[in-house]
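Asks: Data: target_23.tsv, TSV, C-alpha atoms.
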```
chain	number	residue	atom	x	y	z
A	709	MET	CA	24.41	-12.11	26.82
A	710	LYS	CA	27.01	-9.74	25.45
A	711	ARG	CA	30.20	-8.78	27.32
A	712	VAL	CA	31.51	-5.23	26.67
A	713	ILE	CA	35.02	-3.81	27.18
A	714	SER	CA	34.25	-2.20	30.55
A	715	CYS	CA	33.31	-5.63	31.92
A	716	LEU	CA	29.71	-4.51	32.32
A	717	THR	CA	26.98	-6.90	31.18
A	718	LEU	CA	24.31	-5.48	28.87
A	719	ILE	CA	20.92	-7.16	29.13
A	720	THR	CA	17.94	-5.89	27.14
A	721	MET	CA	14.53	-6.57	28.66
A	722	LEU	CA	11.00	-5.48	27.73
A	723	LEU	CA	9.57	-4.01	30.93
A	724	SER	CA	7.69	-0.96	32.16
A	725	VAL	CA	9.75	1.84	33.70
A	726	THR	CA	9.28	2.76	37.37
A	727	PRO	CA	11.09	5.49	39.36
A	728	MET	CA	13.73	4.56	41.88
A	729	ALA	CA	14.35	5.93	45.36
A	730	LEU	CA	17.81	7.42	45.80
A	731	ALA	CA	20.44	5.19	47.35
A	732	LYS	CA	21.74	6.43	50.69
A	733	GLU	CA	25.19	6.15	52.22
A	734	SER	CA	25.40	5.93	56.00
A	735	THR	CA	27.55	8.48	57.80
A	736	THR	CA	27.83	9.68	61.38
A	737	VAL	CA	29.78	12.79	60.37
A	738	GLU	CA	28.05	16.07	61.33
A	739	LEU	CA	28.38	18.47	58.43
A	740	ALA	CA	25.56	21.00	58.84
A	741	ASP	CA	25.03	21.68	62.53
A	742	LYS	CA	24.15	25.33	61.84
A	743	ALA	CA	21.38	24.66	59.32
A	744	LYS	CA	17.73	23.66	59.75
A	745	SER	CA	18.07	21.01	57.05
A	746	ALA	CA	20.67	19.88	54.55
A	747	VAL	CA	21.52	17.19	52.06
A	748	LEU	CA	24.53	16.17	49.98
A	749	ILE	CA	24.19	14.04	46.83
A	750	GLU	CA	26.38	12.85	44.00
A	751	ARG	CA	24.85	14.19	40.79
A	752	ASP	CA	25.14	11.30	38.33
A	753	THR	CA	23.80	8.54	40.57
A	754	GLY	CA	21.76	10.68	42.95
A	755	THR	CA	23.27	8.84	45.94
A	756	ILE	CA	22.70	10.68	49.22
A	757	LEU	CA	26.04	11.14	51.00
A	758	TYR	CA	24.74	13.18	53.94
A	759	ASP	CA	21.28	13.99	55.25
A	760	LYS	CA	19.87	16.26	57.93
A	761	ASN	CA	16.09	16.64	58.06
A	762	SER	CA	16.15	16.75	54.27
A	763	ASP	CA	12.40	16.10	53.87
A	764	GLU	CA	11.31	18.99	56.11
A	765	LYS	CA	9.06	21.46	54.30
A	766	LEU	CA	10.62	24.93	54.45
A	767	PRO	CA	10.44	28.21	52.49
A	768	PRO	CA	13.04	27.98	49.69
A	769	ALA	CA	13.29	31.72	48.93
A	770	SER	CA	15.14	32.34	45.64
A	771	MET	CA	16.23	28.71	45.33
A	772	THR	CA	12.76	28.50	43.75
A	773	LYS	CA	14.47	29.86	40.63
A	774	ILE	CA	16.16	26.47	40.14
A	775	MET	CA	12.80	25.21	38.91
A	776	THR	CA	12.28	28.41	36.90
A	777	MET	CA	15.64	27.91	35.19
A	778	LEU	CA	14.88	24.22	34.59
A	779	LEU	CA	11.71	25.09	32.68
A	780	ILE	CA	13.61	27.73	30.70
A	781	MET	CA	16.28	25.20	29.73
A	782	GLU	CA	13.62	22.66	28.75
A	783	ALA	CA	11.89	25.24	26.54
A	784	LEU	CA	15.22	26.03	24.88
A	785	ASP	CA	15.99	22.34	24.38
A	786	LYS	CA	12.58	21.77	22.76
A	787	GLY	CA	12.97	24.78	20.47
A	788	GLN	CA	10.00	26.61	22.02
A	789	ILE	CA	12.23	29.65	22.58
A	790	LYS	CA	15.64	30.67	21.22
A	791	TRP	CA	18.64	32.18	22.96
A	792	ASP	CA	18.52	35.39	20.90
A	793	GLU	CA	14.73	35.76	21.04
A	794	LYS	CA	13.51	39.03	22.53
A	795	VAL	CA	11.45	38.98	25.72
A	796	ARG	CA	9.23	41.97	26.47
A	797	THR	CA	8.78	43.05	30.09
A	798	SER	CA	5.19	43.48	31.29
A	799	GLU	CA	4.01	45.97	33.89
A	800	TYR	CA	3.55	43.06	36.29
A	801	ALA	CA	7.07	41.67	35.77
A	802	ALA	CA	8.59	45.13	36.24
A	803	SER	CA	6.69	45.56	39.52
A	804	MET	CA	8.47	42.69	41.31
A	805	GLY	CA	10.28	43.68	44.48
A	806	GLY	CA	13.27	42.06	46.14
A	807	SER	CA	16.27	41.09	44.02
A	808	GLN	CA	15.91	42.53	40.53
A	809	ILE	CA	17.71	43.73	37.44
A	810	PHE	CA	15.42	46.79	37.31
A	811	LEU	CA	13.55	45.98	34.13
A	812	GLU	CA	11.22	48.73	32.95
A	813	PRO	CA	7.75	48.09	31.50
A	814	GLY	CA	8.14	47.47	27.77
A	815	GLU	CA	11.90	46.88	28.02
A	816	GLU	CA	13.18	44.00	25.90
A	817	MET	CA	16.08	41.66	26.54
A	818	THR	CA	17.05	38.39	24.89
A	819	VAL	CA	16.37	35.05	26.54
A	820	GLU	CA	20.11	34.76	27.17
A	821	GLN	CA	20.25	38.12	28.91
A	822	MET	CA	17.17	37.33	31.00
A	823	LEU	CA	18.67	34.00	32.07
A	824	LYS	CA	21.87	35.80	33.00
A	825	GLY	CA	19.80	38.16	35.16
A	826	ILE	CA	18.13	35.20	36.90
A	827	ALA	CA	21.15	32.94	37.38
A	828	ILE	CA	23.67	35.59	38.44
A	829	GLY	CA	21.56	38.47	39.74
A	830	SER	CA	18.58	36.48	41.06
A	831	GLY	CA	16.25	38.87	39.25
A	832	ASN	CA	12.63	38.45	40.32
A	833	ASP	CA	11.56	40.71	37.46
A	834	ALA	CA	13.49	38.64	34.91
A	835	SER	CA	11.99	35.44	36.34
A	836	VAL	CA	8.44	36.69	35.88
A	837	ALA	CA	9.21	38.06	32.40
A	838	MET	CA	10.49	34.63	31.34
A	839	ALA	CA	7.54	32.90	32.99
A	840	GLU	CA	5.15	35.04	30.94
A	841	LYS	CA	7.17	34.43	27.78
A	842	ILE	CA	7.07	30.63	28.15
A	843	ALA	CA	3.59	30.07	29.57
A	844	GLY	CA	1.65	33.22	28.66
A	845	SER	CA	1.17	34.23	32.29
A	846	ALA	CA	2.94	33.82	35.61
A	847	ASP	CA	0.02	31.78	36.96
A	848	GLU	CA	0.18	29.31	34.09
A	849	PHE	CA	3.95	29.05	34.54
A	850	VAL	CA	3.39	28.15	38.21
A	851	ASN	CA	1.09	25.37	37.01
A	852	MET	CA	3.96	24.15	34.82
A	853	MET	CA	6.29	24.27	37.83
A	854	ASN	CA	3.96	22.14	39.92
A	855	LYS	CA	3.39	19.73	37.04
A	856	LYS	CA	7.17	19.28	36.87
A	857	VAL	CA	7.17	18.70	40.64
A	858	GLU	CA	4.79	15.78	40.07
A	859	GLU	CA	6.81	14.49	37.12
A	860	LEU	CA	9.98	14.44	39.25
A	861	ASP	CA	8.05	12.80	42.10
A	862	LEU	CA	9.00	15.53	44.58
A	863	LYS	CA	7.04	14.80	47.73
A	864	ASN	CA	7.61	17.97	49.74
A	865	THR	CA	7.40	20.82	47.24
A	866	HIS	CA	4.66	23.18	46.13
A	867	PHE	CA	5.16	26.47	44.31
A	868	LYS	CA	3.00	29.60	44.24
A	869	ASN	CA	5.30	31.84	42.19
A	870	PRO	CA	8.44	31.62	39.99
A	871	THR	CA	10.58	33.86	42.21
A	872	GLY	CA	10.53	32.56	45.78
A	873	LEU	CA	9.04	35.73	47.25
A	874	PRO	CA	7.22	34.80	50.49
A	875	GLU	CA	3.73	33.42	49.95
A	876	PRO	CA	1.56	30.95	51.91
A	877	ASP	CA	1.76	27.33	50.76
A	878	HIS	CA	5.05	27.94	48.89
A	879	TYR	CA	7.56	25.42	50.20
A	880	SER	CA	10.19	22.83	49.33
A	881	SER	CA	12.79	20.63	51.05
A	882	ALA	CA	16.53	20.10	50.86
A	883	HIS	CA	16.03	16.69	49.26
A	884	ASP	CA	13.65	18.05	46.61
A	885	MET	CA	15.92	21.00	45.85
A	886	ALA	CA	18.82	18.61	45.29
A	887	LEU	CA	16.72	16.63	42.81
A	888	MET	CA	15.69	19.81	40.99
A	889	ALA	CA	19.32	20.84	40.72
A	890	LYS	CA	20.22	17.34	39.53
A	891	GLU	CA	17.66	17.70	36.74
A	892	LEU	CA	18.78	21.23	35.85
A	893	LEU	CA	22.43	20.16	35.60
A	894	LYS	CA	21.54	17.78	32.77
A	895	TYR	CA	21.73	20.96	30.73
A	896	GLU	CA	25.45	21.50	31.11
A	897	GLU	CA	25.38	24.97	29.53
A	898	ILE	CA	23.47	26.29	32.56
A	899	THR	CA	26.76	26.49	34.46
A	900	ASN	CA	27.94	29.09	31.93
A	901	PHE	CA	25.46	31.31	33.78
A	902	THR	CA	25.32	29.98	37.34
A	903	GLY	CA	29.11	29.62	37.43
A	904	LYS	CA	29.89	33.25	36.55
A	905	TYR	CA	30.88	35.49	39.43
A	906	GLU	CA	30.17	38.76	37.63
A	907	ASP	CA	28.84	40.04	34.32
A	908	TYR	CA	26.98	42.98	32.81
A	909	LEU	CA	23.61	43.78	31.26
A	910	ARG	CA	22.70	46.72	29.01
A	911	GLU	CA	26.32	47.10	27.88
A	912	GLY	CA	26.87	49.97	25.47
A	913	THR	CA	24.14	52.07	27.10
A	914	ASP	CA	24.08	54.66	29.86
A	915	LYS	CA	22.19	52.08	31.98
A	916	LYS	CA	24.95	49.46	32.09
A	917	PHE	CA	24.13	47.11	34.98
A	918	TRP	CA	26.71	45.15	36.96
A	919	LEU	CA	25.72	41.64	38.06
A	920	VAL	CA	27.51	39.99	40.98
A	921	ASN	CA	26.72	36.37	41.82
A	922	THR	CA	25.01	35.99	45.17
A	923	ASN	CA	26.79	32.62	45.48
A	924	ARG	CA	30.23	33.70	46.69
A	925	LEU	CA	31.53	30.11	46.62
A	926	VAL	CA	31.65	30.44	42.81
A	927	LYS	CA	34.69	32.63	43.39
A	928	PHE	CA	36.13	31.17	46.57
A	929	TYR	CA	35.69	27.36	46.31
A	930	PRO	CA	37.48	25.64	43.39
A	931	GLY	CA	35.04	23.77	41.18
A	932	VAL	CA	31.83	25.48	42.34
A	933	ASP	CA	29.77	26.59	39.33
A	934	GLY	CA	26.22	26.96	40.67
A	935	VAL	CA	23.45	26.80	41.45
A	936	LYS	CA	21.35	29.28	43.51
A	937	THR	CA	21.22	31.13	46.81
A	938	GLY	CA	18.12	32.23	48.69
A	939	PHE	CA	17.24	34.60	51.49
A	940	THR	CA	14.12	35.98	53.11
A	941	ASN	CA	13.50	36.84	56.76
A	942	GLU	CA	11.37	33.72	57.02
A	943	ALA	CA	13.69	31.33	55.13
A	944	LYS	CA	16.95	32.78	56.44
A	945	TYR	CA	20.07	31.96	54.40
A	946	CYS	CA	19.79	29.09	51.94
A	947	LEU	CA	21.99	27.68	49.20
A	948	THR	CA	21.90	24.91	46.64
A	949	ALA	CA	25.49	24.57	45.45
A	950	THR	CA	27.21	22.30	42.97
A	951	ALA	CA	30.89	21.62	42.41
A	952	LYS	CA	32.85	19.39	40.07
A	953	LYS	CA	36.32	17.96	40.60
A	954	ASP	CA	37.92	15.41	38.31
A	955	ASN	CA	34.99	13.27	37.16
A	956	MET	CA	32.69	13.84	40.12
A	957	ARG	CA	29.94	16.44	40.49
A	958	VAL	CA	28.11	16.81	43.79
A	959	ILE	CA	25.18	18.93	44.97
A	960	ALA	CA	24.95	20.35	48.50
A	961	VAL	CA	21.82	22.04	49.87
A	962	VAL	CA	21.41	24.08	53.06
A	963	PHE	CA	18.18	25.57	54.41
A	964	GLY	CA	17.83	28.04	57.26
A	965	ALA	CA	21.35	29.14	58.21
A	966	ASP	CA	21.50	32.24	60.41
A	967	THR	CA	24.19	34.06	58.43
A	968	PRO	CA	25.78	33.92	54.95
A	969	LYS	CA	29.00	32.83	56.66
A	970	ASP	CA	27.26	29.88	58.33
A	971	ARG	CA	25.55	28.93	55.07
A	972	ASN	CA	28.80	28.90	53.10
A	973	ALA	CA	30.68	27.09	55.86
A	974	GLN	CA	28.13	24.24	55.98
A	975	VAL	CA	28.23	23.82	52.19
A	976	THR	CA	32.02	23.94	52.18
A	977	LYS	CA	32.18	21.15	54.79
A	978	MET	CA	29.85	18.99	52.72
A	979	LEU	CA	31.80	19.53	49.51
A	980	ASP	CA	35.10	18.79	51.28
A	981	TYR	CA	33.64	15.58	52.68
A	982	ALA	CA	32.34	14.39	49.30
A	983	PHE	CA	35.57	14.97	47.43
A	984	SER	CA	37.76	13.45	50.15
A	985	GLN	CA	35.70	10.26	50.62
A	986	TYR	CA	34.17	9.37	47.24
A	987	GLN	CA	34.95	9.06	43.56
A	988	THR	CA	32.92	8.48	40.43
A	989	HIS	CA	33.69	6.22	37.49
A	990	PRO	CA	32.16	7.65	34.30
A	991	LEU	CA	30.44	5.18	31.97
A	992	PHE	CA	28.54	7.24	29.40
A	993	GLU	CA	28.21	10.89	28.50
A	994	LYS	CA	24.85	12.58	27.99
A	995	ASP	CA	23.28	11.78	24.57
A	996	HIS	CA	25.20	8.51	24.20
A	997	VAL	CA	23.21	6.02	22.08
A	998	LEU	CA	22.77	2.72	23.94
A	999	SER	CA	20.09	0.83	22.05
A	1000	GLN	CA	17.33	0.93	19.45
A	1001	LEU	CA	13.59	0.48	19.83
A	1002	LYS	CA	11.04	-0.48	17.18
A	1003	VAL	CA	8.42	2.15	16.38
A	1004	SER	CA	5.08	0.97	15.02
A	1005	LYS	CA	3.74	2.84	11.96
A	1006	GLY	CA	6.60	5.35	12.06
A	1007	SER	CA	8.30	7.17	9.20
A	1008	GLU	CA	11.34	5.20	10.40
A	1009	LYS	CA	11.11	1.67	11.78
A	1010	GLU	CA	13.37	2.30	14.80
A	1011	VAL	CA	14.45	5.09	17.09
A	1012	ASN	CA	17.76	5.32	18.93
A	1013	LEU	CA	17.63	5.35	22.73
A	1014	MET	CA	20.21	7.67	24.27
A	1015	THR	CA	21.21	8.72	27.75
A	1016	SER	CA	19.45	11.79	29.16
A	1017	GLU	CA	22.35	12.67	31.49
A	1018	PRO	CA	25.92	11.60	32.30
A	1019	ILE	CA	26.05	8.06	33.70
A	1020	SER	CA	28.57	7.11	36.38
A	1021	VAL	CA	29.17	4.65	39.20
A	1022	LEU	CA	29.95	6.06	42.65
A	1023	THR	CA	32.30	4.30	45.06
A	1024	LYS	CA	34.31	5.02	48.16
A	1025	LYS	CA	37.82	6.00	47.16
A	1026	GLY	CA	39.85	3.00	46.11
A	1027	GLU	CA	36.92	0.66	45.40
A	1028	LYS	CA	36.62	-1.03	41.99
A	1029	VAL	CA	33.61	-1.23	39.66
A	1030	ASP	CA	34.34	-4.37	37.62
A	1031	ASP	CA	31.44	-6.21	39.27
A	1032	VAL	CA	28.79	-3.69	38.19
A	1033	THR	CA	26.23	-4.78	35.58
A	1034	GLN	CA	23.83	-2.72	33.51
A	1035	GLU	CA	20.37	-3.50	32.22
A	1036	ILE	CA	18.31	-1.61	29.66
A	1037	LEU	CA	14.57	-1.71	30.32
A	1038	MET	CA	12.50	-0.65	27.32
A	1039	LYS	CA	8.84	0.24	27.00
A	1040	ASN	CA	6.55	-1.98	24.92
A	1041	ASP	CA	4.41	-1.15	21.88
A	1042	ILE	CA	5.81	2.26	20.94
A	1043	LYS	CA	3.73	3.89	18.22
A	1044	ALA	CA	4.49	6.96	16.12
A	1045	PRO	CA	4.63	9.85	16.54
A	1046	VAL	CA	7.65	9.93	18.86
A	1047	LYS	CA	9.15	13.22	20.00
A	1048	LYS	CA	12.83	13.85	20.66
A	1049	GLY	CA	13.42	13.46	24.40
A	1050	ASP	CA	10.44	11.19	25.02
A	1051	GLU	CA	11.23	8.76	27.85
A	1052	LEU	CA	11.20	5.29	26.30
A	1053	GLY	CA	13.37	3.26	28.64
A	1054	THR	CA	15.64	3.11	31.65
A	1055	LEU	CA	19.26	2.22	32.27
A	1056	GLN	CA	19.78	0.39	35.56
A	1057	LEU	CA	23.15	-0.20	37.20
A	1058	LYS	CA	23.43	-3.07	39.68
A	1059	LYS	CA	26.10	-4.32	42.05
A	1060	ASP	CA	25.80	-7.67	43.84
A	1061	GLY	CA	22.25	-7.85	42.53
A	1062	LYS	CA	21.27	-4.53	44.15
A	1063	LEU	CA	20.12	-1.49	42.19
A	1064	ILE	CA	22.66	1.30	42.71
A	1065	ALA	CA	21.61	3.80	40.03
A	1066	GLU	CA	18.90	4.37	37.48
A	1067	SER	CA	18.51	6.88	34.64
A	1068	LYS	CA	16.04	7.66	31.85
A	1069	LEU	CA	16.74	6.71	28.24
A	1070	VAL	CA	15.14	9.03	25.71
A	1071	ALA	CA	14.40	9.22	21.99
A	1072	GLU	CA	17.25	10.65	19.94
A	1073	LYS	CA	14.97	12.40	17.43
A	1074	ASP	CA	11.39	12.88	16.24
A	1075	ILE	CA	9.75	9.98	14.43
A	1076	ASP	CA	6.61	11.07	12.56
A	1077	GLU	CA	3.73	8.85	11.58
A	1078	ALA	CA	4.41	7.05	8.29
A	1079	SER	CA	2.48	8.25	5.24
A	1080	TRP	CA	0.12	5.83	3.49
A	1081	TRP	CA	2.65	5.60	0.65
A	1082	THR	CA	5.46	4.65	3.02
A	1083	MET	CA	3.26	2.02	4.65
A	1084	PHE	CA	2.24	0.68	1.22
A	1085	LYS	CA	5.87	0.35	0.10
A	1086	ARG	CA	6.78	-1.28	3.41
A	1087	VAL	CA	3.98	-3.86	3.04
A	1088	MET	CA	4.91	-4.54	-0.57
A	1089	GLY	CA	8.56	-4.93	0.42
A	1090	ASP	CA	7.65	-7.46	3.09
A	1091	PHE	CA	5.39	-9.27	0.58
A	1092	THR	CA	8.23	-9.45	-1.94
A	1093	LYS	CA	10.67	-10.80	0.67
A	1094	ALA	CA	8.13	-13.44	1.70
A	1095	GLY	CA	7.71	-14.44	-1.93
```
Kindly return the structure encoded in the file as structure tokens.
Replies:
Amino acid sequence: MKRVISCLTLITMLLSVTPMALAKESTTVELADKAKSAVLIERDTGTILYDKNSDEKLPPASMTKIMTMLLIMEALDKGQIKWDEKVRTSEYAASMGGSQIFLEPGEEMTVEQMLKGIAIGSGNDASVAMAEKIAGSADEFVNMMNKKVEELDLKNTHFKNPTGLPEPDHYSSAHDMALMAKELLKYEEITNFTGKYEDYLREGTDKKFWLVNTNRLVKFYPGVDGVKTGFTNEAKYCLTATAKKDNMRVIAVVFGADTPKDRNAQVTKMLDYAFSQYQTHPLFEKDHVLSQLKVSKGSEKEVNLMTSEPISVLTKKGEKVDDVTQEILMKNDIKAPVKKGDELGTLQLKKDGKLIAESKLVAEKDIDEASWWTMFKRVMGDFTKAG
């Protein structure tokens, strides 16, 4: 066993990876009395700091776009689309009602501009245009959304469109929305969009369009830099918000407030509570290499395992973390090819023998299958060493 500087113990074990239920802090504080449901979590560990009916299935309105943005960021990360790539608007995308950036059929914008229109302006038209760009059709994109729901093990979510416009059997929950936001915030550059209060599209033309963030807390609560509001007559006023102070990022979700003022007040109370009562102790940044794993028949013999998100330990203010241990659980029998970002292991953090946090470890880069010549040289090298 190897002792590291932070006094955490690193143990490498060969085990299968299983998902973990979020830890939950107990509190009797009432923080969202004017909401149908609400939840407050710390982002890095996923610990639930406050809960009110957070598993109730409710219409999410435009908070649906958190999943839409997540799939956009994943496509960017995988190189399937590029920031400066042009996206053409279809007749169908241009026909979307509700919040929009008034795209015209045939109009082109870059992926970056479309994402700006979604994150800041809540553009339904931009959401559908991006859905068609990534998946070929809005319907196929919805299939991708629901596949991601299964992957994230979200129990109370089902999507019928990428916008959040009212539709039967389109629902989510406060708890699931918090987990979607947690996943989205792995891509730290998303807050360059969700955290902007105002911006412009079509600059330099006679159709310059002013975007104002529907999340007013971006301007009026220090540290808030996302994520997404929602409103329909059925859903009422909803908000999934995130804020970061010092080393701690939290996510607060409210469903079904009667007014924008009530919605913002409930979120503000939750954020105030989190930052006054808790603190995080950062351990690793995203993309930090923690271990290596052998790859059978690969162009390279090993692949680095790195963190897929920032890793921290959450405590009440004033508590220490020198009794926290970490274990790396790695999958067995990995064979090439391996793709960058493939989940190959898990980092577990434990305190007093109890699991307090868990996070995926992923492949640092692609490992292709070895050519016959590479395999021949490898065999001959091993034969020579044996001789």
Asks: A:Val1029, A:Ala943, A:Ala769, A:Ala801: which is nearest Lys868 in chain A, counting only C-alpha atoms?
Replies: A:Ala769
Asks: Give me the residues within 12 Å of Gln808 in chain A as a PyMOL selection string, counting only C-alpha atoms and dropping any in the same chain fewer than 6 places off.
Replies: chain A and resi 770+801-802+822+824-837+871+873+917-920
Asks: I'd like to know which of A:Lys1048, A:Asn923, A:Ile774, A:Pro990 is closest to Thr937 in chain A, using all atoms listed in the file.
Replies: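 Closest candidate: A:Asn923.
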Asks: Find the distance between CA of Leu748 in chain A and CA of Ile1064 in chain A and write it in Å to one decimal.
Replies: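 Straight-line distance from CA of Leu748 in chain A to CA of Ile1064 in chain A works out to 16.7 Å.
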Asks: What is the distance between CA of Thr948 in chain A and CA of Tyr929 in chain A, in Å to one decimal?
Replies: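 Rounded to one decimal, the two atoms are 14.0 Å apart.
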Asks: List as an MDAnalysis selection string the protein and nucleic acid residues near range 961-963 of chain A, meaning an atom at most 6 Å away when all atoms listed in the file are counted, but skip any in the same chain fewer than 6 places from it.
Replies: chainID A and resid 743:747 882 946:948
